[in-house]
Every structure is written in structure tokens, then in C-alpha cells.
>>> print(open('structure.txt').read())   # compact mmCIF, C-alpha atoms and all ligand atoms
# COMPACT_ATOMS: atom_id res chain seq x y z
CA MET A 1 4.29 -3.42 20.32
CA ASP A 2 1.74 -4.50 22.93
CA LEU A 3 -0.86 -5.10 20.24
CA LEU A 4 1.30 -7.65 18.43
CA ASN A 5 2.31 -9.47 21.62
CA THR A 6 -1.35 -9.80 22.53
CA LEU A 7 -2.28 -11.08 19.09
CA VAL A 8 0.53 -13.61 19.00
CA ASP A 9 -0.52 -14.97 22.40
CA LYS A 10 -4.11 -15.28 21.22
CA GLY A 11 -3.14 -16.78 17.87
CA LEU A 12 -0.94 -19.43 19.46
CA ARG A 13 -3.95 -20.43 21.54
CA GLY A 14 -6.19 -20.45 18.44
CA GLU A 15 -8.14 -17.41 19.60
CA SER A 16 -9.23 -14.45 17.49
CA PRO A 17 -8.50 -10.82 18.22
CA THR A 18 -11.24 -8.31 18.90
CA ARG A 19 -12.54 -6.21 16.03
CA ALA A 20 -10.65 -3.20 17.40
CA GLU A 21 -7.42 -5.20 17.44
CA ALA A 22 -8.01 -6.40 13.86
CA LEU A 23 -8.62 -2.82 12.75
CA ALA A 24 -5.46 -1.72 14.55
CA VAL A 25 -3.41 -4.25 12.55
CA LEU A 26 -4.66 -2.65 9.33
CA ALA A 27 -3.81 0.79 10.72
CA THR A 28 -0.18 0.05 11.54
CA SER A 29 2.39 2.05 9.63
CA ASP A 30 4.71 0.92 6.86
CA ASP A 31 7.55 1.38 9.38
CA ASP A 32 6.06 -1.48 11.43
CA VAL A 33 5.26 -3.86 8.61
CA LEU A 34 8.12 -6.28 9.29
CA ASP A 35 7.10 -6.46 12.96
CA VAL A 36 3.55 -7.27 11.90
CA VAL A 37 4.75 -9.98 9.50
CA ALA A 38 7.06 -11.46 12.13
CA ALA A 39 4.25 -11.59 14.69
CA ALA A 40 1.65 -13.15 12.39
CA GLY A 41 4.37 -15.47 11.08
CA LYS A 42 4.68 -17.00 14.55
CA VAL A 43 0.98 -17.85 14.45
CA ARG A 44 1.31 -19.28 10.95
CA ARG A 45 4.21 -21.50 12.02
CA ARG A 46 2.37 -22.67 15.13
CA TRP A 47 -0.40 -24.21 13.04
CA PHE A 48 1.21 -24.90 9.66
CA GLY A 49 4.95 -24.99 10.18
CA ARG A 50 6.84 -23.91 7.07
CA ARG A 51 4.61 -25.86 4.71
CA VAL A 52 3.02 -24.32 1.62
CA LYS A 53 0.07 -26.04 0.02
CA LEU A 54 -0.17 -25.66 -3.75
CA ASN A 55 -3.54 -25.40 -5.46
CA TYR A 56 -4.22 -25.47 -9.16
CA LEU A 57 -7.07 -23.75 -10.97
CA VAL A 58 -8.84 -25.31 -13.93
CA ASN A 59 -11.39 -22.99 -15.51
CA LEU A 60 -13.97 -25.46 -16.81
CA LYS A 61 -16.11 -22.82 -18.50
CA SER A 62 -14.93 -19.31 -19.16
CA GLY A 63 -16.83 -16.07 -19.68
CA LEU A 64 -20.43 -15.38 -20.74
CA CYS A 65 -21.79 -15.23 -17.20
CA PRO A 66 -25.25 -13.70 -16.67
CA GLU A 67 -24.23 -12.27 -13.27
CA ASP A 68 -22.79 -8.76 -12.87
CA CYS A 69 -19.99 -9.03 -10.29
CA GLY A 70 -18.09 -5.80 -10.91
CA TYR A 71 -14.61 -7.25 -10.40
CA CYS A 72 -15.08 -10.13 -12.79
CA SER A 73 -13.86 -10.32 -16.37
CA GLN A 74 -16.45 -13.04 -17.05
CA ARG A 75 -19.42 -10.88 -16.01
CA LEU A 76 -22.45 -9.85 -17.97
CA GLY A 77 -21.40 -7.14 -20.41
CA SER A 78 -17.68 -7.59 -19.78
CA LYS A 79 -15.49 -5.96 -22.43
CA SER A 80 -12.45 -7.90 -21.27
CA GLU A 81 -10.72 -9.75 -24.07
CA ILE A 82 -10.51 -13.01 -22.16
CA LEU A 83 -10.78 -16.57 -23.40
CA LYS A 84 -14.42 -17.56 -23.72
CA TYR A 85 -15.38 -21.20 -23.98
CA THR A 86 -18.06 -23.58 -22.82
CA TRP A 87 -17.60 -26.68 -20.65
CA LEU A 88 -14.33 -28.57 -21.05
CA LYS A 89 -14.83 -32.28 -21.54
CA PRO A 90 -13.80 -34.48 -18.59
CA ASP A 91 -10.66 -35.72 -20.37
CA GLN A 92 -9.65 -32.14 -21.29
CA ALA A 93 -10.14 -30.98 -17.71
CA ALA A 94 -8.25 -33.99 -16.39
CA ALA A 95 -5.34 -33.23 -18.73
CA ALA A 96 -5.25 -29.63 -17.47
CA ALA A 97 -5.42 -30.80 -13.86
CA GLU A 98 -2.60 -33.26 -14.47
CA ALA A 99 -0.24 -30.39 -15.31
CA GLY A 100 -0.92 -28.80 -11.95
CA VAL A 101 -0.52 -32.03 -10.04
CA ALA A 102 2.76 -32.71 -11.84
CA GLY A 103 3.89 -29.26 -10.72
CA GLY A 104 3.23 -30.15 -7.08
CA ALA A 105 -0.40 -29.14 -6.59
CA LYS A 106 -2.20 -31.01 -3.84
CA ARG A 107 -5.61 -29.55 -4.64
CA VAL A 108 -7.28 -29.00 -8.00
CA CYS A 109 -9.97 -26.31 -8.07
CA LEU A 110 -12.60 -26.88 -10.75
CA VAL A 111 -14.21 -23.54 -11.51
CA ALA A 112 -17.02 -22.63 -13.89
CA SER A 113 -18.51 -19.25 -14.65
CA GLY A 114 -22.23 -18.78 -14.16
CA ARG A 115 -24.79 -18.13 -11.47
CA GLY A 116 -24.83 -21.76 -10.47
CA PRO A 117 -24.83 -25.24 -11.99
CA THR A 118 -27.78 -27.05 -13.53
CA ASP A 119 -28.21 -30.67 -12.54
CA ARG A 120 -26.70 -31.56 -15.93
CA ASP A 121 -23.68 -29.42 -15.06
CA VAL A 122 -23.31 -31.32 -11.80
CA ASP A 123 -23.25 -34.54 -13.86
CA ARG A 124 -20.50 -33.10 -16.08
CA VAL A 125 -18.44 -32.05 -13.09
CA SER A 126 -18.98 -35.42 -11.43
CA LYS A 127 -17.53 -37.12 -14.52
CA THR A 128 -14.62 -34.70 -14.47
CA ILE A 129 -13.92 -35.47 -10.82
CA ALA A 130 -13.94 -39.19 -11.62
CA ALA A 131 -11.52 -38.65 -14.51
CA ILE A 132 -9.09 -36.67 -12.34
CA LYS A 133 -9.25 -39.09 -9.42
CA GLU A 134 -8.69 -42.01 -11.75
CA GLN A 135 -5.31 -40.49 -12.61
CA ASN A 136 -4.49 -39.12 -9.16
CA GLU A 137 -6.35 -40.82 -6.37
CA ASP A 138 -4.96 -38.61 -3.61
CA VAL A 139 -5.54 -35.22 -5.16
CA GLU A 140 -8.06 -33.02 -3.36
CA ILE A 141 -10.85 -31.71 -5.57
CA CYS A 142 -12.56 -28.43 -4.83
CA ALA A 143 -15.57 -27.46 -6.93
CA CYS A 144 -16.44 -23.83 -7.51
CA LEU A 145 -19.60 -23.66 -9.57
CA GLY A 146 -21.53 -20.78 -8.04
CA LEU A 147 -24.76 -20.86 -6.08
CA LEU A 148 -25.96 -24.36 -5.29
CA SER A 149 -29.54 -25.60 -5.45
CA ASP A 150 -31.08 -28.19 -3.17
CA GLY A 151 -29.34 -31.53 -3.31
CA GLN A 152 -26.43 -30.43 -5.51
CA ALA A 153 -23.92 -30.24 -2.67
CA ALA A 154 -24.70 -33.81 -1.66
CA ARG A 155 -24.33 -34.97 -5.26
CA LEU A 156 -20.96 -33.30 -5.61
CA ARG A 157 -19.76 -34.80 -2.34
CA GLU A 158 -20.93 -38.22 -3.48
CA ALA A 159 -19.05 -37.72 -6.74
CA GLY A 160 -15.84 -37.20 -4.79
CA ALA A 161 -15.60 -33.44 -4.34
CA ASP A 162 -13.62 -32.86 -1.16
CA ALA A 163 -14.30 -29.15 -0.92
CA TYR A 164 -16.51 -26.41 -2.26
CA ASN A 165 -15.46 -22.82 -2.77
CA HIS A 166 -17.74 -19.84 -2.69
CA ASN A 167 -16.25 -16.53 -1.59
CA LEU A 168 -18.07 -13.89 0.44
CA ASN A 169 -15.74 -11.39 -1.26
CA THR A 170 -16.64 -8.29 0.75
CA SER A 171 -18.72 -7.13 3.69
CA GLU A 172 -22.46 -7.55 3.77
CA ALA A 173 -22.79 -3.74 3.88
CA THR A 174 -20.92 -3.23 0.60
CA TYR A 175 -22.01 -6.38 -1.20
CA GLY A 176 -24.72 -4.55 -3.17
CA ASP A 177 -22.10 -2.19 -4.55
CA ILE A 178 -20.29 -5.00 -6.34
CA THR A 179 -23.09 -7.30 -7.40
CA THR A 180 -26.79 -6.76 -7.97
CA THR A 181 -27.80 -10.11 -9.44
CA HIS A 182 -27.41 -12.14 -6.25
CA THR A 183 -27.05 -11.36 -2.58
CA TYR A 184 -24.60 -11.82 0.21
CA ALA A 185 -27.14 -14.09 1.88
CA ASP A 186 -27.18 -16.29 -1.24
CA ARG A 187 -23.43 -16.73 -0.89
CA VAL A 188 -23.58 -17.54 2.81
CA SER A 189 -26.28 -20.10 2.12
CA THR A 190 -24.16 -21.91 -0.49
CA VAL A 191 -21.18 -22.14 1.87
CA GLN A 192 -23.46 -23.60 4.52
CA GLN A 193 -24.96 -26.10 2.07
CA ALA A 194 -21.48 -27.30 1.17
CA GLN A 195 -20.59 -27.74 4.84
CA SER A 196 -23.84 -29.58 5.58
CA ALA A 197 -23.09 -32.02 2.77
CA GLY A 198 -19.72 -32.84 4.36
CA MET A 199 -17.52 -30.87 2.00
CA SER A 200 -14.73 -28.75 3.35
CA ALA A 201 -15.76 -25.13 2.93
CA CYS A 202 -13.47 -22.66 1.22
CA SER A 203 -14.57 -19.05 1.32
CA GLY A 204 -12.59 -15.86 1.14
CA LEU A 205 -12.43 -12.26 0.12
CA ILE A 206 -11.19 -9.73 -2.38
CA ALA A 207 -9.31 -6.70 -1.11
CA GLY A 208 -8.65 -3.55 -3.09
CA MET A 209 -12.15 -2.78 -4.29
CA GLY A 210 -12.23 0.57 -2.52
CA GLU A 211 -13.57 -0.91 0.70
CA ARG A 212 -12.95 0.60 4.13
CA ASP A 213 -10.89 -1.16 6.76
CA GLU A 214 -14.14 -1.83 8.62
CA ASP A 215 -15.44 -3.75 5.61
CA LEU A 216 -12.35 -5.91 5.47
CA VAL A 217 -12.66 -6.69 9.16
CA ASP A 218 -16.40 -7.33 8.76
CA VAL A 219 -15.94 -9.87 6.01
CA VAL A 220 -13.11 -11.66 7.81
CA PHE A 221 -15.14 -11.88 11.02
CA SER A 222 -18.12 -13.14 9.00
CA LEU A 223 -15.85 -15.80 7.53
CA ARG A 224 -14.63 -16.69 10.98
CA GLU A 225 -18.24 -17.22 11.98
CA LEU A 226 -18.92 -19.41 8.93
CA ASN A 227 -15.84 -21.40 9.88
CA PRO A 228 -14.46 -22.42 6.47
CA ASP A 229 -11.36 -24.60 6.45
CA SER A 230 -9.66 -22.41 3.88
CA VAL A 231 -9.78 -18.67 3.23
CA PRO A 232 -8.43 -17.38 -0.09
CA VAL A 233 -7.33 -13.76 0.08
CA ASN A 234 -7.55 -12.15 -3.35
CA PHE A 235 -6.18 -8.75 -4.23
CA LEU A 236 -8.26 -7.15 -6.94
CA ILE A 237 -6.88 -7.67 -10.42
CA PRO A 238 -8.24 -4.57 -12.15
CA ILE A 239 -8.83 -6.20 -15.52
CA GLU A 240 -9.43 -3.91 -18.48
CA GLY A 241 -13.05 -4.12 -19.58
CA THR A 242 -14.48 -4.44 -16.06
CA PRO A 243 -16.00 -1.62 -14.02
CA LEU A 244 -13.04 -1.78 -11.62
CA ALA A 245 -10.31 -1.53 -14.26
CA GLY A 246 -9.00 1.70 -12.71
CA ASP A 247 -8.96 0.53 -9.10
CA TRP A 248 -5.30 0.34 -8.15
CA ASN A 249 -5.65 0.91 -4.41
CA LEU A 250 -3.15 -1.49 -2.86
CA THR A 251 0.48 -1.27 -1.85
CA PRO A 252 2.64 -4.31 -1.06
CA GLN A 253 2.68 -3.22 2.59
CA ARG A 254 -1.07 -2.97 2.75
CA CYS A 255 -1.42 -6.44 1.25
CA LEU A 256 0.86 -7.77 3.98
CA ARG A 257 -1.19 -6.05 6.69
CA ILE A 258 -4.39 -7.52 5.27
CA LEU A 259 -2.90 -11.02 5.19
CA ALA A 260 -1.61 -10.60 8.74
CA MET A 261 -5.04 -9.50 9.94
CA VAL A 262 -6.64 -12.54 8.30
CA ARG A 263 -4.04 -14.81 9.90
CA PHE A 264 -4.69 -13.34 13.34
CA VAL A 265 -8.48 -13.65 12.98
CA CYS A 266 -8.32 -17.16 11.49
CA PRO A 267 -5.15 -18.51 13.13
CA ASP A 268 -5.66 -22.24 12.48
CA VAL A 269 -7.31 -21.95 9.06
CA GLU A 270 -5.64 -22.48 5.69
CA VAL A 271 -5.06 -18.91 4.50
CA ARG A 272 -4.44 -18.88 0.77
CA LEU A 273 -2.57 -16.16 -1.02
CA ALA A 274 -4.74 -15.95 -4.11
CA GLY A 275 -5.28 -13.81 -7.20
CA GLY A 276 -3.40 -10.55 -7.55
CA ARG A 277 -0.34 -11.43 -5.47
CA GLU A 278 2.09 -10.91 -8.32
CA ILE A 279 0.81 -7.50 -9.37
CA HIS A 280 0.24 -6.04 -5.90
CA LEU A 281 2.92 -7.62 -3.68
CA ARG A 282 5.41 -7.70 -6.51
CA THR A 283 8.93 -8.20 -5.08
CA LEU A 284 7.52 -8.60 -1.55
CA GLN A 285 5.67 -11.83 -2.41
CA PRO A 286 8.05 -14.04 -0.38
CA LEU A 287 7.17 -12.13 2.81
CA ALA A 288 3.55 -13.16 2.32
CA LEU A 289 4.56 -16.80 2.72
CA HIS A 290 5.15 -16.01 6.40
CA LEU A 291 1.42 -15.26 6.64
CA ALA A 292 -0.34 -17.52 4.15
CA ASN A 293 0.23 -21.29 4.10
CA SER A 294 -1.25 -21.90 0.67
CA ILE A 295 -0.98 -20.41 -2.83
CA PHE A 296 -2.23 -21.04 -6.35
CA LEU A 297 0.35 -22.46 -8.69
CA GLY A 298 0.69 -20.78 -12.07
CA ASP A 299 -2.14 -19.02 -13.87
CA TYR A 300 -5.51 -17.78 -12.64
CA LEU A 301 -8.91 -18.13 -14.26
CA THR A 302 -8.60 -15.51 -16.95
CA THR A 303 -5.24 -13.88 -16.21
CA GLU A 304 -1.67 -15.11 -16.07
CA GLY A 305 0.20 -15.69 -12.86
CA GLN A 306 3.95 -15.99 -12.65
CA SER A 307 5.36 -19.27 -13.91
CA GLY A 308 4.97 -22.37 -11.81
CA LYS A 309 8.76 -22.65 -11.70
CA ASP A 310 9.02 -19.14 -10.25
CA ASP A 311 6.46 -20.09 -7.61
CA LEU A 312 8.48 -23.15 -6.60
CA ASP A 313 11.75 -21.20 -6.59
CA MET A 314 10.19 -18.49 -4.44
CA ILE A 315 9.00 -21.05 -1.89
CA ALA A 316 12.40 -22.72 -1.71
CA ASP A 317 14.34 -19.45 -1.58
CA ALA A 318 12.18 -18.15 1.26
CA GLY A 319 12.89 -21.30 3.29
CA PHE A 320 9.48 -22.94 2.96
CA GLU A 321 8.57 -26.37 1.65
CA VAL A 322 5.82 -27.64 -0.62
CA GLU A 323 3.31 -29.76 1.26
CA GLY A 324 2.98 -33.31 -0.03
CA THR A 325 -0.19 -35.35 -0.38
CA ASP A 326 0.94 -37.50 2.54
CA THR A 327 0.78 -34.51 4.90
CA ARG A 328 -2.43 -33.27 6.44
CA THR A 329 -2.94 -29.56 5.77
CA LEU A 330 -5.21 -28.66 8.67
CA PRO A 331 -4.24 -28.86 12.33
CA ALA A 332 -5.47 -32.08 13.96
CA HIS A 333 -8.42 -30.54 15.77
CA ARG A 334 -9.81 -29.07 12.54
CA ALA A 335 -9.07 -32.15 10.43
CA ASP A 336 -10.76 -34.38 13.01
CA ALA A 337 -13.83 -32.14 13.14
CA LEU A 338 -14.07 -32.22 9.35
CA ALA A 339 -13.71 -36.00 9.26
CA ALA A 340 -16.43 -36.33 11.90
CA ALA A 341 -18.70 -34.27 9.65
CA GLY A 342 -18.02 -36.72 6.82
CA GLY A 343 -15.82 -34.29 4.95
CA GLY A 344 -12.90 -34.54 2.65
CA CYS A 345 -10.60 -31.85 2.81
CA GLY A 346 -12.72 -23.69 -1.95
CA SER A 347 -14.09 -20.38 -4.70
CA HIS A 348 -16.97 -18.83 -6.88
CA GLY A 349 -15.31 -15.57 -6.17
CA ALA A 350 -12.19 -14.24 -7.80
CA GLU A 351 -9.41 -14.87 -10.22
CA GLY A 352 -7.93 -17.08 -7.57
CA GLY A 353 -10.31 -19.59 -6.21
CA GLY A 354 -13.77 -19.15 -7.39
CA CYS A 355 -15.39 -16.80 -9.68
CA GLY A 356 -15.56 -13.50 -8.27
CA PRO A 357 -13.34 -10.17 -7.15
CA CYS A 358 -15.14 -5.77 -7.00
CA GLY A 359 -15.54 -2.43 -5.24
CA ASP A 360 -16.78 1.00 -4.73
CA ALA A 361 -14.91 4.29 -5.01
CA PRO A 362 -11.42 4.01 -6.49
CA GLY A 363 -8.71 5.52 -4.37
CA THR A 364 -10.69 5.34 -1.14
CA VAL A 365 -8.49 6.13 1.84
CA ALA A 366 -8.74 3.41 4.45
CA ASP A 367 -10.30 4.57 7.69
CA ALA A 368 -8.00 4.75 10.69
CA ALA A 369 -8.82 2.38 13.52
CA PRO A 370 -10.25 3.84 16.70
CA ALA A 371 -7.68 4.34 19.43
CA GLU A 372 -7.87 1.84 22.25
CA PRO A 373 -5.67 1.61 25.33
CA GLY A 374 -2.67 -0.60 24.69
CA LEU A 375 -3.00 -0.47 20.92
CA ALA A 376 -0.69 1.18 18.48
CA GLU A 377 -1.54 4.71 17.48
CA PRO A 378 -3.52 4.48 14.25
CA VAL A 379 -1.76 5.80 11.20
CA ALA A 380 -3.70 6.90 8.17
CA GLU A 381 -3.21 4.64 5.20
CA PRO A 382 -1.61 6.43 2.27
CA VAL A 383 -3.12 6.01 -1.14
CA ALA A 384 -0.56 3.93 -2.99
CA VAL A 385 -1.31 4.96 -6.49
CA ALA A 386 -2.54 8.39 -7.47
CA ALA A 387 -6.10 8.38 -8.75
CA GLY A 388 -6.09 7.40 -12.37
CA GLU A 389 -2.57 5.99 -12.32
CA SER A 390 -2.71 2.50 -13.73
CA HIS A 391 -0.48 -0.54 -13.64
CA ALA A 392 -2.52 -2.27 -16.32
CA ASP A 393 0.72 -3.36 -17.96
CA LEU A 394 1.15 -5.85 -15.09
CA VAL A 395 -2.06 -7.70 -16.00
CA ALA A 396 -1.81 -10.28 -18.78
CA VAL A 397 -4.88 -12.11 -20.03
CA ARG A 398 -4.46 -15.89 -19.94
CA ARG A 399 -3.96 -17.33 -23.43
CA ARG A 400 -2.62 -20.79 -22.53
CA GLY A 401 -3.71 -23.84 -20.56
CA ALA A 402 -7.36 -24.86 -20.17
CA GLY A 403 -9.48 -24.01 -23.20
CA THR A 404 -6.48 -23.59 -25.51
CA GLU A 405 -4.11 -25.82 -27.43
CA LEU A 406 -1.14 -24.47 -25.50
CA PRO A 407 0.32 -26.12 -22.41
CA PRO A 408 -0.31 -24.44 -19.05
CA ASN A 409 2.55 -22.90 -17.14
CA ALA A 410 2.33 -25.04 -13.98
S1 LIG A 501 -17.76 -13.93 -10.15
FE1 LIG A 501 -18.82 -15.78 -10.91
S2 LIG A 501 -21.01 -15.24 -10.78
FE2 LIG A 501 -19.86 -13.30 -10.67
S3 LIG A 501 -19.75 -12.58 -12.81
FE3 LIG A 501 -17.86 -13.77 -12.40
S4 LIG A 501 -18.32 -15.85 -13.13
FE4 LIG A 501 -20.27 -14.76 -12.87
>>> encode(input="structure.txt", output="C-alpha cells")
Amino acid sequence: MDLLNTLVDKGLRGESPTRAEALAVLATSDDDVLDVVAAAGKVRRRWFGRRVKLNYLVNLKSGLCPEDCGYCSQRLGSKSEILKYTWLKPDQAAAAAEAGVAGGAKRVCLVASGRGPTDRDVDRVSKTIAAIKEQNEDVEICACLGLLSDGQAARLREAGADAYNHNLNTSEATYGDITTTHTYADRVSTVQQAQSAGMSACSGLIAGMGERDEDLVDVVFSLRELNPDSVPVNFLIPIEGTPLAGDWNLTPQRCLRILAMVRFVCPDVEVRLAGGREIHLRTLQPLALHLANSIFLGDYLTTEGQSGKDDLDMIADAGFEVEGTDTRTLPAHRADALAAAGGGCGSHGAEGGGCGPCGDAPGTVADAAPAEPGLAEPVAEPVAVAAGESHADLVAVRRRGAGTELPPNA
């Protein structure tokens, strides 16, 4: 396919496709999905080899958020029967983090529900970072605490946070459909504050909220412009008790196309396969490792993932290797640029990496890409699951790990 050859050539040079090319990737047919994976896999291997970085989520504070992000089980008015607890103490958080590090995680993501931290919260998180680094000096710490106020990014960086996560989640045009209590611009501003303070920016998206292909391309191009070092790609976990509980819009093939598009647009960036991979990719998860170079180990913020052992087995069986702390994740040119900015090595967004996945109309049919000379003929995306058909049985609320007496599954 001419399209794929063009995109591989660009990706190997570190260049992005055009918007029309990105749309055309999303419009390829299921018949072509292995070709798409193979092509984007070449770009992945160019910049990240066969390494997989493991990240581990610690939910420092769960539920009871005053914000109304429609995808989120921790939102205002959520009926989801999730764990609800206030701030973990530093030693409790460090114990939870230790389980992830022991399982092979190179980065620990410290997440707290809420609009944003108070200065007292920043103090708490600073103590937690110190407690974790005392046990594991080399572990990367990413904070995900919501919208930052003046000076808080610098304080977190000073406390040892290497990265900050805040997801854009969806396009600017559809942002108001998923959240009314803060704006897209607020989110952009927080990512920029983190970067200015020298933290590595992590910012990603949530697919499956009924968005159009154009929205997915918009948000990924916006991310490209923001230039985060890592981009988590979440697939909506339609958790019972949230407004999006019925939104089962994704097929495994569509998830692969979305990941491939993100890889092509952000060729040299850490693309993380985040929340929802188990329930949407299902038995095709290993193929996604050819596109993403990073995953979360074990459970998510409020839902269960597959066991950490299954994650490690999947990586080994697919012929990939877990990245050690002695290996730099980012390609040299990105790592050097980050170091020059004073940075260490991010998510308030979704179940995976930050607080935050949502969407508009359930069952929306993705728009076909406009035809362009040399591009594949667009093929209409089928709706994977009939309207109203639910796979809610695949979603299990987290009842172990942080905030409980039970060990985590890392
Ligand atoms: S995504 Fe974050 S800000 Fe939004 S409702 Fe959930 S916890 Fe609150």
C-alpha cells in the first residue's frame, strides 16, 4: 500500500504524516490491519527496538472528585461502586509502589483524584516521592494530580518528580461534551507548566467515547504540537455508574489502527498502551506491542487489569523485552533535549495514566477519510457492538492494592 510505504519512510525519519494520511490509517479495512501493524511496527522498532517500558499506577486518593469528566468513575455524582479513600500516607504509597517496581516497573505514576492539588497536597506528594526514592533511587516518578496552580510544577520537580501527566483526552471541539467543570485550555496549560518546570510531559487520549476519526486525529496532532515525551492511549472502560457505561464502540482492529496512527504521528515518542487494553484488544493485545513501547503493569486506578504475571508472559511470548532502569527510554535526541531543559524523564486523564477517560453519542460510526491520490480507498468503519450490547462483564472494579489490605497484582 503506497500510504503505508510513505508513512514508514516518514516515521523512520522522525517525521509526521499529514492529517489526511493519519485519517486514511484509521479508515483502512480489517483486511489490511496486519499490514498496518507491520508498517507502524517498523517505526516503533526504529526508535525503541523491542523494548517495553513498564509503568505502575498508585492511586493516592480515590473517588469523591468535584469534577464531572463523563468517562470517570471518580467523578462528581458517580454511581460506580469503586474504592473511595482519601490520601494514602507516604509509607503506604511507597509500599504500593514497591510492588510495581518488584514486578519490573521502571516508572511509578502517583495519581490523585480531584480538580488539582492544594499546596498541602503538593507537600504530601513530595513526601511520598521522597519515600519511594529512598527505597528505589532509580525509579522514575510521574505525578498526576490534576490542574496545577502557579509554582506547583516547580515544587514537584524540586521534590524529585521526573514527569507530570495530564491527558488532553479528546479533541478541543468535543472537549465540552465530556467535561463541563474545566476546559481543554486548562489542560493544555497544565502540560505546559510541567514542561516549563523541567518535568517530562506525559499527555494522551481516550478513544471510544463516540468521537469521530477527525477528533482522534485532532487530539493526536494537538499532542504532537505540545510535544510530550510520552503519550498514553486509553480505550474507554465503560464503567457502570458513569454516563458512558453503555459506550462499547471499539473493536480490537480499530484499537490497533488507532495505536498505529498515534505511532505514525508521534514516531519517536513513548506511546503507552494504557487503560482498556484487556477489554477491547482482548486476545489481540500482543499485536499492540508492535505499536506501543510502554504499558501499565497490573491494575488501573479503579478497575482491574490482567495480572502482572500475564503482562510479563505476554511480553516474552511476543518476543519483546522489559526495559531495565539502566536503559534510556527515549531516543537520544529527545532525551538530550529533555536533559537540556533540566528534566527527568505522565496522566490526570484515564484509568491508565491520569485521571480521566468520556464521549458523545454511543455507537457513532467513524467518518471515512477523504480520498486523496495515492491513499488507500477509505472503508467505512463497522460498528463493533450493536447499540445497547454490553461487555460489562469484562470490567472488574479494583478491590486490591492501594487503599486496601490486600496485595496488588503486580
Ligand atoms: S478524570 Fe480526574 S478531574 Fe475528571 S472526574 Fe476523574 S478524577 Fe476528577
>>> atom_distance(input="structure.txt", atom1="atom CA of Ala402 of chain A", atom2="atom CA of Asp91 of chain A")
11.4 Å
>>> residues_near_ligand(input="structure.txt", ligand="ligand LIG 501 (chain A)", cutoff="9 Å", atoms="all atoms listed in the file", output="JSON, numbers by chain")
{"A": [62, 63, 64, 65, 66, 67, 68, 69, 70, 71, 72, 73, 74, 75, 76, 78, 111, 112, 113, 114, 115, 116, 145, 146, 147, 179, 181, 182, 348, 349, 350, 351, 354, 355, 356, 357]}
>>> residues_around(input="structure.txt", residues="His333 of chain A", least_positions_apart="3", cutoff="12 Å", atoms="all atoms listed in the file", output="PyMOL selection string")
chain A and resi 14+47+229+268-269+328-330+336-340
>>> residues_around(input="structure.txt", residues="Ala396 of chain A", least_positions_apart="4", cutoff="10 Å", atoms="all atoms listed in the file", output="VMD selection string")
chain A and resid 82 239 to 240 302 to 305 392
>>> residues_around(input="structure.txt", residues="Leu226 of chain A", least_positions_apart="3", cutoff="8 Å", atoms="all atoms listed in the file", output="JSON, numbers by chain")
{"A": [188, 191, 192, 222, 223]}
>>> residues_around(input="structure.txt", residues="segment 195-202 of chain A", least_positions_apart="3", cutoff="7 Å", atoms="only C-alpha atoms", output="PyMOL selection string")
chain A and resi 153-154+157+162-166+191-192+228-231+338+341-347
>>> atom_distance(input="structure.txt", atom1="atom CA of Leu259 of chain A", atom2="atom CA of Gln193 of chain A")
26.9 Å
